[in-house]
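Next comes run04.pdb, with PDB, C-alpha atoms and all ligand atoms.
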```
MODEL        1
ATOM      1  CA  MET A   1      93.915 134.474 -90.763
ATOM      2  CA  TYR A   2      90.735 136.230 -91.954
ATOM      3  CA  LYS A   3      89.494 138.809 -89.463
ATOM      4  CA  PRO A   4      85.957 140.173 -90.007
ATOM      5  CA  TYR A   5      85.720 143.970 -89.871
ATOM      6  CA  THR A   6      82.010 143.947 -88.994
ATOM      7  CA  ARG A   7      81.071 141.909 -85.952
ATOM      8  CA  PRO A   8      77.278 141.776 -85.275
ATOM      9  CA  ARG A   9      78.086 139.693 -82.188
ATOM     10  CA  ARG A  10      79.243 142.873 -80.420
ATOM     11  CA  LEU A  11      75.559 143.802 -80.058
ATOM     12  CA  ARG A  12      74.711 140.451 -78.465
ATOM     13  CA  GLY A  13      77.349 140.337 -75.744
ATOM     14  CA  SER A  14      75.190 140.820 -72.663
ATOM     15  CA  ASN A  15      71.590 140.807 -71.595
ATOM     16  CA  GLU A  16      71.689 144.601 -71.212
ATOM     17  CA  MET A  17      73.102 145.057 -74.708
ATOM     18  CA  ARG A  18      70.436 142.754 -76.152
ATOM     19  CA  ARG A  19      67.696 144.622 -74.311
ATOM     20  CA  MET A  20      68.976 147.927 -75.691
ATOM     21  CA  VAL A  21      68.921 146.869 -79.329
ATOM     22  CA  ARG A  22      65.786 144.717 -79.241
ATOM     23  CA  GLU A  23      63.502 145.734 -82.110
ATOM     24  CA  THR A  24      60.261 144.173 -80.909
ATOM     25  CA  ASN A  25      58.752 144.081 -77.457
ATOM     26  CA  LEU A  26      55.735 142.081 -76.408
ATOM     27  CA  SER A  27      53.516 143.836 -73.872
ATOM     28  CA  VAL A  28      50.422 142.957 -71.891
ATOM     29  CA  ASP A  29      48.778 145.869 -73.760
ATOM     30  CA  ASP A  30      48.894 143.787 -76.946
ATOM     31  CA  LEU A  31      46.744 140.957 -75.627
ATOM     32  CA  ILE A  32      43.119 140.020 -76.200
ATOM     33  CA  TYR A  33      41.853 136.972 -74.298
ATOM     34  CA  PRO A  34      39.117 134.777 -75.880
ATOM     35  CA  LEU A  35      36.463 133.371 -73.533
ATOM     36  CA  PHE A  36      33.588 130.924 -74.046
ATOM     37  CA  VAL A  37      30.315 131.492 -72.234
ATOM     38  CA  THR A  38      27.339 129.123 -71.936
ATOM     39  CA  ARG A  39      23.996 128.818 -70.166
ATOM     40  CA  GLN A  40      25.270 125.845 -68.190
ATOM     41  CA  THR A  41      25.143 125.863 -64.395
ATOM     42  CA  THR A  42      28.417 123.926 -64.042
ATOM     43  CA  PRO A  43      30.881 126.766 -63.429
ATOM     44  CA  ARG A  44      33.639 125.421 -65.700
ATOM     45  CA  LYS A  45      33.612 122.674 -68.270
ATOM     46  CA  PRO A  46      37.146 121.972 -69.490
ATOM     47  CA  ILE A  47      37.715 121.986 -73.254
ATOM     48  CA  LEU A  48      39.768 118.829 -73.694
ATOM     49  CA  SER A  49      41.582 119.826 -76.890
ATOM     50  CA  MET A  50      42.511 123.212 -75.379
ATOM     51  CA  PRO A  51      44.085 122.412 -72.001
ATOM     52  CA  GLY A  52      43.525 125.238 -69.501
ATOM     53  CA  GLN A  53      40.509 126.671 -71.403
ATOM     54  CA  ASN A  54      36.906 126.154 -70.290
ATOM     55  CA  GLN A  55      33.309 126.705 -71.229
ATOM     56  CA  LEU A  56      32.182 129.116 -68.526
ATOM     57  CA  SER A  57      28.891 129.768 -66.811
ATOM     58  CA  ILE A  58      27.902 133.434 -66.769
ATOM     59  CA  ASP A  59      28.899 133.795 -63.082
ATOM     60  CA  GLU A  60      32.261 132.252 -63.778
ATOM     61  CA  LEU A  61      32.773 134.511 -66.789
ATOM     62  CA  VAL A  62      32.326 137.542 -64.560
ATOM     63  CA  LYS A  63      35.044 136.206 -62.213
ATOM     64  CA  GLU A  64      37.311 135.506 -65.156
ATOM     65  CA  ALA A  65      36.821 139.045 -66.510
ATOM     66  CA  ALA A  66      37.759 140.434 -63.086
ATOM     67  CA  LEU A  67      40.922 138.310 -63.088
ATOM     68  CA  VAL A  68      41.797 139.493 -66.592
ATOM     69  CA  LYS A  69      41.528 143.066 -65.360
ATOM     70  CA  THR A  70      43.779 142.325 -62.361
ATOM     71  CA  LEU A  71      46.366 140.885 -64.723
ATOM     72  CA  GLY A  72      46.317 144.110 -66.757
ATOM     73  CA  ILE A  73      44.985 142.546 -69.974
ATOM     74  CA  PRO A  74      42.986 145.291 -71.730
ATOM     75  CA  ALA A  75      40.391 143.198 -73.575
ATOM     76  CA  ILE A  76      38.442 139.962 -73.825
ATOM     77  CA  ILE A  77      36.616 138.571 -76.842
ATOM     78  CA  LEU A  78      33.464 136.650 -76.054
ATOM     79  CA  PHE A  79      32.035 133.609 -77.806
ATOM     80  CA  GLY A  80      28.504 132.590 -76.856
ATOM     81  CA  ILE A  81      27.210 129.023 -76.825
ATOM     82  CA  PRO A  82      23.398 129.123 -76.737
ATOM     83  CA  GLN A  83      21.172 126.524 -75.140
ATOM     84  CA  ASP A  84      19.101 126.162 -78.296
ATOM     85  CA  LYS A  85      20.317 126.444 -81.851
ATOM     86  CA  ASP A  86      18.041 126.993 -84.858
ATOM     87  CA  ALA A  87      18.247 127.544 -88.617
ATOM     88  CA  VAL A  88      18.964 131.288 -88.422
ATOM     89  CA  GLY A  89      20.790 131.485 -85.078
ATOM     90  CA  SER A  90      18.067 133.510 -83.320
ATOM     91  CA  ASP A  91      19.772 133.414 -79.923
ATOM     92  CA  SER A  92      22.552 135.618 -81.306
ATOM     93  CA  PHE A  93      20.210 138.603 -81.772
ATOM     94  CA  ASP A  94      17.823 137.948 -78.893
ATOM     95  CA  ASP A  95      18.030 140.563 -76.155
ATOM     96  CA  ASN A  96      17.875 137.695 -73.657
ATOM     97  CA  GLY A  97      20.375 135.553 -75.566
ATOM     98  CA  VAL A  98      23.416 134.003 -73.910
ATOM     99  CA  ILE A  99      25.810 136.684 -75.092
ATOM    100  CA  GLN A 100      23.580 139.654 -74.265
ATOM    101  CA  THR A 101      22.977 138.264 -70.765
ATOM    102  CA  ALA A 102      26.694 137.639 -70.327
ATOM    103  CA  ILE A 103      27.648 141.139 -71.524
ATOM    104  CA  ARG A 104      25.294 142.755 -69.030
ATOM    105  CA  ALA A 105      26.560 140.557 -66.188
ATOM    106  CA  VAL A 106      30.182 141.460 -66.896
ATOM    107  CA  LYS A 107      29.413 145.156 -67.312
ATOM    108  CA  GLU A 108      27.554 145.258 -64.002
ATOM    109  CA  THR A 109      30.597 144.100 -62.054
ATOM    110  CA  VAL A 110      33.783 144.708 -64.014
ATOM    111  CA  SER A 111      34.809 148.027 -65.516
ATOM    112  CA  ASP A 112      37.840 148.957 -67.568
ATOM    113  CA  VAL A 113      38.069 145.777 -69.604
ATOM    114  CA  MET A 114      37.148 146.126 -73.276
ATOM    115  CA  LEU A 115      34.448 143.648 -74.102
ATOM    116  CA  ILE A 116      34.630 142.534 -77.719
ATOM    117  CA  THR A 117      32.063 140.149 -79.179
ATOM    118  CA  ASP A 118      32.594 137.693 -82.017
ATOM    119  CA  VAL A 119      29.769 138.288 -84.477
ATOM    120  CA  CYS A 120      28.978 135.196 -86.543
ATOM    121  CA  PHE A 121      26.269 132.542 -86.767
ATOM    122  CA  CYS A 122      28.160 129.243 -86.678
ATOM    123  CA  GLU A 123      27.863 128.905 -82.881
ATOM    124  CA  TYR A 124      24.132 129.682 -83.029
ATOM    125  CA  THR A 125      22.783 127.703 -85.994
ATOM    126  CA  ASP A 126      21.686 124.057 -85.819
ATOM    127  CA  HIS A 127      23.496 123.363 -89.120
ATOM    128  CA  GLY A 128      26.734 124.993 -87.877
ATOM    129  CA  HIS A 129      27.078 127.373 -90.832
ATOM    130  CA  CYS A 130      27.963 131.059 -90.612
ATOM    131  CA  GLY A 131      24.660 132.344 -91.967
ATOM    132  CA  VAL A 132      21.338 131.594 -93.605
ATOM    133  CA  ILE A 133      21.403 128.482 -95.808
ATOM    134  CA  LYS A 134      19.806 128.502 -99.257
ATOM    135  CA  ASP A 135      20.355 125.440-101.480
ATOM    136  CA  GLU A 136      23.238 124.222 -99.287
ATOM    137  CA  TYR A 137      25.007 127.593 -99.769
ATOM    138  CA  VAL A 138      25.433 130.356 -97.189
ATOM    139  CA  ASP A 139      23.262 133.129 -98.628
ATOM    140  CA  ASN A 140      25.378 136.267 -98.458
ATOM    141  CA  ASP A 141      22.880 139.105 -98.525
ATOM    142  CA  GLN A 142      20.247 137.531 -96.287
ATOM    143  CA  THR A 143      23.025 136.891 -93.786
ATOM    144  CA  LEU A 144      24.139 140.535 -93.947
ATOM    145  CA  SER A 145      20.921 141.920 -92.522
ATOM    146  CA  LEU A 146      20.996 139.372 -89.695
ATOM    147  CA  LEU A 147      24.647 140.217 -88.992
ATOM    148  CA  ALA A 148      23.706 143.868 -88.587
ATOM    149  CA  LYS A 149      20.869 142.848 -86.283
ATOM    150  CA  GLN A 150      23.230 140.699 -84.190
ATOM    151  CA  ALA A 151      25.858 143.456 -83.954
ATOM    152  CA  ILE A 152      23.286 146.054 -82.877
ATOM    153  CA  SER A 153      21.937 143.678 -80.251
ATOM    154  CA  HIS A 154      25.434 143.050 -78.833
ATOM    155  CA  ALA A 155      26.274 146.744 -78.765
ATOM    156  CA  GLN A 156      22.957 147.652 -77.150
ATOM    157  CA  ALA A 157      23.647 145.078 -74.441
ATOM    158  CA  GLY A 158      26.954 146.865 -73.775
ATOM    159  CA  ALA A 159      29.619 145.347 -76.058
ATOM    160  CA  ASP A 160      32.503 147.803 -76.518
ATOM    161  CA  MET A 161      33.641 146.475 -79.879
ATOM    162  CA  ILE A 162      32.176 144.248 -82.596
ATOM    163  CA  ALA A 163      34.287 141.600 -84.333
ATOM    164  CA  PRO A 164      32.557 140.075 -87.365
ATOM    165  CA  SER A 165      34.160 136.738 -88.288
ATOM    166  CA  GLY A 166      31.866 135.262 -90.941
ATOM    167  CA  MET A 167      33.693 136.386 -94.117
ATOM    168  CA  MET A 168      30.488 137.482 -95.845
ATOM    169  CA  ASP A 169      30.986 140.028 -98.627
ATOM    170  CA  GLY A 170      29.964 143.442 -97.347
ATOM    171  CA  MET A 171      29.720 142.394 -93.692
ATOM    172  CA  VAL A 172      31.633 145.395 -92.365
ATOM    173  CA  GLY A 173      29.570 147.857 -94.403
ATOM    174  CA  ALA A 174      26.293 146.256 -93.359
ATOM    175  CA  ILE A 175      27.279 146.255 -89.682
ATOM    176  CA  ARG A 176      28.673 149.817 -89.755
ATOM    177  CA  ASN A 177      25.506 151.044 -91.399
ATOM    178  CA  GLY A 178      23.304 149.174 -88.925
ATOM    179  CA  LEU A 179      25.227 150.442 -85.896
ATOM    180  CA  ASP A 180      25.171 154.029 -87.174
ATOM    181  CA  ASP A 181      21.428 153.921 -87.843
ATOM    182  CA  ALA A 182      20.936 152.681 -84.274
ATOM    183  CA  GLU A 183      23.027 155.601 -82.961
ATOM    184  CA  LEU A 184      25.866 153.279 -82.072
ATOM    185  CA  GLU A 185      28.370 155.189 -84.177
ATOM    186  CA  LYS A 186      30.924 155.168 -81.352
ATOM    187  CA  THR A 187      31.214 151.345 -81.409
ATOM    188  CA  PRO A 188      34.375 150.266 -83.277
ATOM    189  CA  ILE A 189      34.598 147.278 -85.649
ATOM    190  CA  LEU A 190      37.496 144.842 -85.451
ATOM    191  CA  SER A 191      37.051 142.979 -88.720
ATOM    192  CA  TYR A 192      38.233 139.425 -89.233
ATOM    193  CA  ALA A 193      39.176 140.866 -92.624
ATOM    194  CA  VAL A 194      41.499 138.092 -93.720
ATOM    195  CA  LYS A 195      40.299 134.759 -92.441
ATOM    196  CA  TYR A 196      41.376 131.525 -94.037
ATOM    197  CA  ALA A 197      39.519 128.210 -94.322
ATOM    198  CA  SER A 198      41.947 126.623 -91.879
ATOM    199  CA  ALA A 199      42.360 123.238 -90.255
ATOM    200  CA  PHE A 200      43.836 125.085 -87.269
ATOM    201  CA  TYR A 201      40.306 125.882 -86.008
ATOM    202  CA  GLY A 202      39.642 122.227 -85.107
ATOM    203  CA  PRO A 203      39.786 122.513 -81.291
ATOM    204  CA  PHE A 204      37.655 125.703 -81.331
ATOM    205  CA  ARG A 205      34.853 123.937 -83.179
ATOM    206  CA  ASP A 206      34.829 121.276 -80.443
ATOM    207  CA  ALA A 207      34.772 124.039 -77.849
ATOM    208  CA  VAL A 208      31.652 125.705 -79.217
ATOM    209  CA  ASP A 209      30.192 122.741 -81.091
ATOM    210  CA  SER A 210      30.134 124.704 -84.347
ATOM    211  CA  ALA A 211      31.475 122.193 -86.880
ATOM    212  CA  PRO A 212      29.272 122.420 -89.994
ATOM    213  CA  LYS A 213      26.819 119.506 -90.238
ATOM    214  CA  PHE A 214      27.405 119.316 -94.019
ATOM    215  CA  GLY A 215      29.994 120.830 -96.342
ATOM    216  CA  ASP A 216      32.688 123.213 -95.130
ATOM    217  CA  ARG A 217      33.484 126.921 -95.052
ATOM    218  CA  ARG A 218      35.507 127.160 -98.237
ATOM    219  CA  THR A 219      32.854 129.118-100.147
ATOM    220  CA  HIS A 220      33.430 132.098 -97.851
ATOM    221  CA  GLN A 221      36.675 131.698 -95.886
ATOM    222  CA  MET A 222      39.850 132.230 -97.914
ATOM    223  CA  ASP A 223      42.036 129.666 -99.643
ATOM    224  CA  PRO A 224      45.269 129.240 -97.589
ATOM    225  CA  ALA A 225      47.236 129.489-100.833
ATOM    226  CA  ASN A 226      46.332 133.149-101.474
ATOM    227  CA  VAL A 227      48.000 136.339-100.330
ATOM    228  CA  ARG A 228      47.181 138.954-102.999
ATOM    229  CA  GLU A 229      43.531 138.215-102.309
ATOM    230  CA  ALA A 230      44.185 139.016 -98.642
ATOM    231  CA  ILE A 231      45.094 142.581 -99.592
ATOM    232  CA  LYS A 232      41.884 142.878-101.607
ATOM    233  CA  GLU A 233      39.807 141.599 -98.671
ATOM    234  CA  ALA A 234      41.481 144.049 -96.283
ATOM    235  CA  ALA A 235      41.037 146.961 -98.733
ATOM    236  CA  LEU A 236      37.297 146.266 -98.967
ATOM    237  CA  ASP A 237      36.946 146.254 -95.197
ATOM    238  CA  VAL A 238      38.860 149.514 -94.911
ATOM    239  CA  GLU A 239      36.496 151.082 -97.466
ATOM    240  CA  GLU A 240      33.475 149.703 -95.631
ATOM    241  CA  GLY A 241      34.555 151.294 -92.362
ATOM    242  CA  ALA A 242      36.597 148.769 -90.366
ATOM    243  CA  ASP A 243      38.557 150.329 -87.499
ATOM    244  CA  LEU A 244      41.004 147.471 -87.009
ATOM    245  CA  LEU A 245      41.966 144.566 -89.289
ATOM    246  CA  MET A 246      42.527 140.977 -88.224
ATOM    247  CA  VAL A 247      44.476 138.175 -89.878
ATOM    248  CA  LYS A 248      43.586 134.631 -88.853
ATOM    249  CA  PRO A 249      45.211 132.150 -88.230
ATOM    250  CA  ALA A 250      48.527 133.710 -87.237
ATOM    251  CA  LEU A 251      51.459 131.321 -87.172
ATOM    252  CA  SER A 252      51.325 130.037 -90.760
ATOM    253  CA  TYR A 253      50.280 133.429 -92.100
ATOM    254  CA  MET A 254      53.053 135.807 -91.039
ATOM    255  CA  ASP A 255      53.596 136.937 -94.635
ATOM    256  CA  VAL A 256      49.926 137.924 -94.718
ATOM    257  CA  ILE A 257      50.252 139.868 -91.451
ATOM    258  CA  ALA A 258      53.273 141.680 -92.892
ATOM    259  CA  GLY A 259      51.421 142.426 -96.130
ATOM    260  CA  VAL A 260      48.369 143.843 -94.377
ATOM    261  CA  LYS A 261      50.578 145.957 -92.103
ATOM    262  CA  GLU A 262      52.504 147.359 -95.034
ATOM    263  CA  ASN A 263      49.479 148.215 -97.149
ATOM    264  CA  PHE A 264      47.120 149.790 -94.597
ATOM    265  CA  ASP A 265      47.430 152.218 -91.755
ATOM    266  CA  LEU A 266      44.885 150.605 -89.429
ATOM    267  CA  PRO A 267      45.957 148.611 -86.359
ATOM    268  CA  VAL A 268      46.477 144.935 -87.215
ATOM    269  CA  ALA A 269      45.434 142.062 -84.982
ATOM    270  CA  ALA A 270      46.578 138.447 -85.361
ATOM    271  CA  TYR A 271      44.541 135.527 -84.031
ATOM    272  CA  ASN A 272      46.802 132.856 -82.557
ATOM    273  CA  VAL A 273      44.063 130.234 -82.969
ATOM    274  CA  SER A 274      42.989 127.131 -81.084
ATOM    275  CA  GLY A 275      45.044 124.658 -83.146
ATOM    276  CA  GLU A 276      48.192 126.725 -82.652
ATOM    277  CA  TYR A 277      47.543 126.765 -78.904
ATOM    278  CA  ALA A 278      46.792 123.034 -78.835
ATOM    279  CA  MET A 279      50.056 122.178 -80.625
ATOM    280  CA  VAL A 280      52.136 124.116 -78.097
ATOM    281  CA  LYS A 281      50.227 122.594 -75.170
ATOM    282  CA  ALA A 282      50.538 119.033 -76.474
ATOM    283  CA  ALA A 283      54.270 119.285 -77.123
ATOM    284  CA  ALA A 284      54.852 120.979 -73.761
ATOM    285  CA  GLN A 285      52.862 118.316 -71.907
ATOM    286  CA  ASN A 286      55.107 115.705 -73.467
ATOM    287  CA  GLY A 287      58.160 117.602 -72.281
ATOM    288  CA  TRP A 288      59.288 118.165 -75.861
ATOM    289  CA  ILE A 289      59.323 121.958 -75.794
ATOM    290  CA  ASP A 290      59.396 124.626 -73.103
ATOM    291  CA  GLU A 291      55.925 126.199 -73.096
ATOM    292  CA  LYS A 292      56.930 129.625 -71.808
ATOM    293  CA  SER A 293      59.882 130.204 -74.155
ATOM    294  CA  VAL A 294      58.077 128.831 -77.192
ATOM    295  CA  THR A 295      54.936 130.876 -76.524
ATOM    296  CA  LEU A 296      56.862 134.111 -75.984
ATOM    297  CA  GLU A 297      58.886 133.417 -79.138
ATOM    298  CA  ILE A 298      55.741 132.831 -81.212
ATOM    299  CA  LEU A 299      53.953 135.926 -79.934
ATOM    300  CA  THR A 300      57.033 138.130 -80.326
ATOM    301  CA  SER A 301      57.374 136.837 -83.891
ATOM    302  CA  LEU A 302      53.765 137.795 -84.621
ATOM    303  CA  LYS A 303      54.524 141.312 -83.457
ATOM    304  CA  ARG A 304      57.724 141.376 -85.524
ATOM    305  CA  ALA A 305      55.644 140.362 -88.564
ATOM    306  CA  GLY A 306      53.437 143.407 -87.983
ATOM    307  CA  ALA A 307      50.709 142.524 -85.490
ATOM    308  CA  ASP A 308      49.791 145.326 -83.090
ATOM    309  CA  LEU A 309      47.392 143.109 -81.156
ATOM    310  CA  ILE A 310      47.278 139.367 -80.543
ATOM    311  CA  LEU A 311      44.270 137.257 -79.667
ATOM    312  CA  THR A 312      45.658 134.343 -77.695
ATOM    313  CA  TYR A 313      44.504 131.628 -75.305
ATOM    314  CA  HIS A 314      47.876 132.112 -73.603
ATOM    315  CA  ALA A 315      47.003 135.707 -72.630
ATOM    316  CA  LYS A 316      46.793 135.119 -68.859
ATOM    317  CA  ASP A 317      50.060 133.152 -68.787
ATOM    318  CA  VAL A 318      51.793 135.808 -70.853
ATOM    319  CA  ALA A 319      50.546 138.588 -68.578
ATOM    320  CA  LYS A 320      52.056 136.706 -65.618
ATOM    321  CA  TRP A 321      55.307 135.928 -67.421
ATOM    322  CA  LEU A 322      55.780 139.561 -68.432
ATOM    323  CA  ALA A 323      54.859 141.003 -65.024
TER
HETATM  324  C1  LIG A 401      33.668 131.861 -86.101
HETATM  325  C2  LIG A 401      35.009 131.729 -85.484
HETATM  326  C3  LIG A 401      35.883 130.623 -85.542
HETATM  327  C4  LIG A 401      37.009 130.979 -84.773
HETATM  328  C5  LIG A 401      36.797 132.260 -84.286
HETATM  329  N1  LIG A 401      35.562 132.711 -84.760
HETATM  330  C6  LIG A 401      35.712 129.291 -86.140
HETATM  331  C7  LIG A 401      35.494 129.075 -87.565
HETATM  332  O1  LIG A 401      35.604 129.965 -88.416
HETATM  333  O2  LIG A 401      35.158 127.932 -87.884
HETATM  334  C8  LIG A 401      38.209 130.113 -84.555
HETATM  335  C9  LIG A 401      39.059 130.485 -83.388
HETATM  336  C10 LIG A 401      40.079 129.468 -83.024
HETATM  337  O3  LIG A 401      40.279 128.439 -83.699
HETATM  338  O4  LIG A 401      40.746 129.705 -82.000
HETATM  339  N2  LIG A 401      32.710 132.293 -85.173
ENDMDL
END
```
Mind turning the file's structure into structure tokens?
Ligand code: PBG
Amino acid sequence: MYKPYTRPRRLRGSNEMRRMVRETNLSVDDLIYPLFVTRQTTPRKPILSMPGQNQLSIDELVKEAALVKTLGIPAIILFGIPQDKDAVGSDSFDDNGVIQTAIRAVKETVSDVMLITDVCFCEYTDHGHCGVIKDEYVDNDQTLSLLAKQAISHAQAGADMIAPSGMMDGMVGAIRNGLDDAELEKTPILSYAVKYASAFYGPFRDAVDSAPKFGDRRTHQMDPANVREAIKEAALDVEEGADLLMVKPALSYMDVIAGVKENFDLPVAAYNVSGEYAMVKAAAQNGWIDEKSVTLEILTSLKRAGADLILTYHAKDVAKWLA
């Protein structure tokens, strides 16, 4: 009879043994919770394709931020949905815009939660594109100056970190320069450095009503088929002054997360996006998978791939599960 000399099963014999040799641990410290804020007076408007997530009034956002703090989650990322949208997304850089008002409201009541803002134009423009449109094309350089203006406005209102998500060339440099000129050199930039033109954003676009009215985002977001290009994108953002690098989406892009981690020494964040959340929710609601085990497995796998931080709509559940 053949008897193996090496027996990896010896390290799996008990829960204690498995705990001792576990290579990756998920912690509440890794989580960033995305929240949607509006001007509406209804406290919470459920987002149907993202069960458990809501569009929040500003008052309700403040309560949610307090709850996040109680759960020990270190950060939230805010998405603003303005009352009025226009061609250039003016609400996003208006000192009385939805996001600026929301930032101040949170900061007045809740301390010790990092407040990150998504900096882009798709939620704020009437055409749903991520910048200024010229001949049906998102004009890169005109958008850059408005991105800097938006970032400065967010930071002046009290945002702790700026997360540009528009995939414009030079966006990190333009924002870093703008922040520094406005004496906001202490504000870090979490760059959506590697963001793909993904179908996994579907539920999010319903949530913030940001689906483009014509065309798509493939002239600026990356082709899902490319990974060498991801390294180039990340390298540019490092040069331009990014403090942290994000890969988005997460689940189908673990090779990209691993590649970015290997090539750069900045912290890496992975965005476990709306479509990934919706798939887990839908299957769980049908009783086909166990939501808790599947979610913890996915998030642990993202960390194993190289993510230091994870943006996830499951953040509150995870904080409770890990407590
Ligand atoms: C752009 C932005 C998007 C998401 C985050 N920031 C949408 C897009 O690029 O179309 C998607 C997040 C998700 O799907 O959970 N402001």
- Query: Within 10 Å of (31.4, 133.7, -63.7), all atoms listed in the file: residues as number ranges by chain?
  - Reply: A: 37, 43-44, 56-66, 102, 105-106
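Coordinates place atom CA of Gly158 of chain A at a distance of 12.5 Å from atom CA of Pro188 of chain A.
Distance check against Asp160 of chain A using all atoms listed in the file: of A:Ala225, A:Leu190, A:Val268, A:Ala197, the minimum falls on A:Leu190.
Running the PyMOL selection byres (((chain A and resi 216) around 12) and not hetatm) on this file leaves Cys122, His127, Gly128, His129, Cys130, Glu136, Tyr137, Val138, Ala197, Ser198, Ala199, Ser210, Ala211, Pro212, Lys213, Phe214, Gly215, Arg217, Arg218, Thr219, His220, Gln221 and Met222 of chain A selected.
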- Query: Can you list, as number ranges by chain, the residues that the PyMOL selection byres (((chain A and resi 192) around 7) and not hetatm) selects here?
  - Reply: A: 163-165, 190-191, 193-195, 245-247
Please report as a Markdown table every residue of chain A lying within 6 Å of ligand LIG 401 (chain A), along with the nearest atom pair and their distance in Å (one decimal), using only C-alpha atoms and all ligand atoms.
```
| residue | atom | partner | partner_atom | distance |
| --- | --- | --- | --- | --- |
| A:Cys120 | CA | A:LIG401 | N2 | 4.9 |
| A:Cys122 | CA | A:LIG401 | N2 | 5.7 |
| A:Ser165 | CA | A:LIG401 | C1 | 5.4 |
| A:Tyr201 | CA | A:LIG401 | O3 | 3.4 |
| A:Phe204 | CA | A:LIG401 | O3 | 4.5 |
| A:Val273 | CA | A:LIG401 | O4 | 3.5 |
| A:Ser274 | CA | A:LIG401 | O4 | 3.5 |
```
- Item | Atomic distance atom CA of Leu71 of chain A - atom CA of Lys316 of chain A, expressed in Å with one decimal | 7.1 Å
- Item | Contacts of Gly178 of chain A within 10 Å, all atoms listed in the file, excl. fewer than 2 positions in-chain, as a list in words | Ser145, Leu147, Ala148, Lys149, Gln150, Ala151, Ile152, Val172, Gly173, Ala174, Ile175, Arg176, Asp180, Asp181, Ala182, Glu183, Leu184 and Glu185 of chain A
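Separating atom CA of Gly131 of chain A from atom CA of Thr143 of chain A is a distance of 5.2 Å.
Residue membership of the PyMOL selection byres (((chain A and resi 39) around 8) and not hetatm) in the shown file amounts to Val37, Thr38, Gln40, Thr41, Ser57, Ile58, Ile81, Pro82, Gln83 and Val98 of chain A.
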- Spatial neighbours of Ala283 of chain A, max dist 12 Å, only C-alpha atoms, sep filter under 5 positions, as a ChimeraX atom specification: /A:51,276-278,288-292,294-295
At a cut-off of 12 Å, using all atoms listed in the file, what residues contact segment 259-267 of chain A? Leave out same-chain residues fewer than 2 positions from it and give the result as a tab-separated table (two decimals) with C-alpha atoms, keeping the file's coordinate frame.
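After the write, out_18.tsv holds the following:
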```
chain	number	residue	atom	x	y	z
A	30	ASP	CA	48.89	143.79	-76.95
A	189	ILE	CA	34.60	147.28	-85.65
A	190	LEU	CA	37.50	144.84	-85.45
A	191	SER	CA	37.05	142.98	-88.72
A	193	ALA	CA	39.18	140.87	-92.62
A	194	VAL	CA	41.50	138.09	-93.72
A	226	ASN	CA	46.33	133.15	-101.47
A	227	VAL	CA	48.00	136.34	-100.33
A	228	ARG	CA	47.18	138.95	-103.00
A	229	GLU	CA	43.53	138.22	-102.31
A	230	ALA	CA	44.18	139.02	-98.64
A	231	ILE	CA	45.09	142.58	-99.59
A	232	LYS	CA	41.88	142.88	-101.61
A	233	GLU	CA	39.81	141.60	-98.67
A	234	ALA	CA	41.48	144.05	-96.28
A	235	ALA	CA	41.04	146.96	-98.73
A	236	LEU	CA	37.30	146.27	-98.97
A	237	ASP	CA	36.95	146.25	-95.20
A	238	VAL	CA	38.86	149.51	-94.91
A	239	GLU	CA	36.50	151.08	-97.47
A	241	GLY	CA	34.56	151.29	-92.36
A	242	ALA	CA	36.60	148.77	-90.37
A	243	ASP	CA	38.56	150.33	-87.50
A	244	LEU	CA	41.00	147.47	-87.01
A	245	LEU	CA	41.97	144.57	-89.29
A	246	MET	CA	42.53	140.98	-88.22
A	247	VAL	CA	44.48	138.18	-89.88
A	248	LYS	CA	43.59	134.63	-88.85
A	253	TYR	CA	50.28	133.43	-92.10
A	254	MET	CA	53.05	135.81	-91.04
A	255	ASP	CA	53.60	136.94	-94.64
A	256	VAL	CA	49.93	137.92	-94.72
A	257	ILE	CA	50.25	139.87	-91.45
A	269	ALA	CA	45.43	142.06	-84.98
A	270	ALA	CA	46.58	138.45	-85.36
A	302	LEU	CA	53.76	137.79	-84.62
A	303	LYS	CA	54.52	141.31	-83.46
A	304	ARG	CA	57.72	141.38	-85.52
A	305	ALA	CA	55.64	140.36	-88.56
A	306	GLY	CA	53.44	143.41	-87.98
A	307	ALA	CA	50.71	142.52	-85.49
A	308	ASP	CA	49.79	145.33	-83.09
A	309	LEU	CA	47.39	143.11	-81.16
A	310	ILE	CA	47.28	139.37	-80.54
```
- Message: Under the rule that only C-alpha atoms are counted, which of A:Val28, A:Ala87, A:Met17, A:Ile133 is the nearest residue to Val318 of chain A?
- Response: A:Val28
- Message: Just checking: using all atoms listed in the file, which residue out of A:Pro74, A:Lys45, A:Leu35, A:Gln142 ends up closest to Val88 of chain A?
- Response: A:Gln142
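Proximity of A:Gly275, A:Pro224, A:Gly80, A:Gly13 to Val119 of chain A, computed with only C-alpha atoms, is greatest for A:Gly80.
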So that I can check the surroundings of Leu26 of chain A, please list as a PDB file with C-alpha atoms, in the coordinates of the input every protein, DNA and RNA residue that reaches within 9 Å of it, counting only C-alpha atoms and ignoring chain neighbours fewer than 6 positions away.
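Saved as selection10.pdb:
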```pdb
ATOM      1  CA  LEU A 296      56.862 134.111 -75.984  1.00  0.00           C
ATOM      2  CA  LEU A 299      53.953 135.926 -79.934  1.00  0.00           C
ATOM      3  CA  THR A 300      57.033 138.130 -80.326  1.00  0.00           C
ATOM      4  CA  LYS A 303      54.524 141.312 -83.457  1.00  0.00           C
ATOM      5  CA  LEU A 322      55.780 139.561 -68.432  1.00  0.00           C
TER       6      LEU A 322
END
```
All file atoms of segment 37-55 of chain A boxed axis-aligned, 6 Å per side, centre plus edges, as JSON:
```
{"center_x": 34.0, "center_y": 125.2, "center_z": -70.2, "size_x": 32.1, "size_y": 24.7, "size_z": 25.5}
```
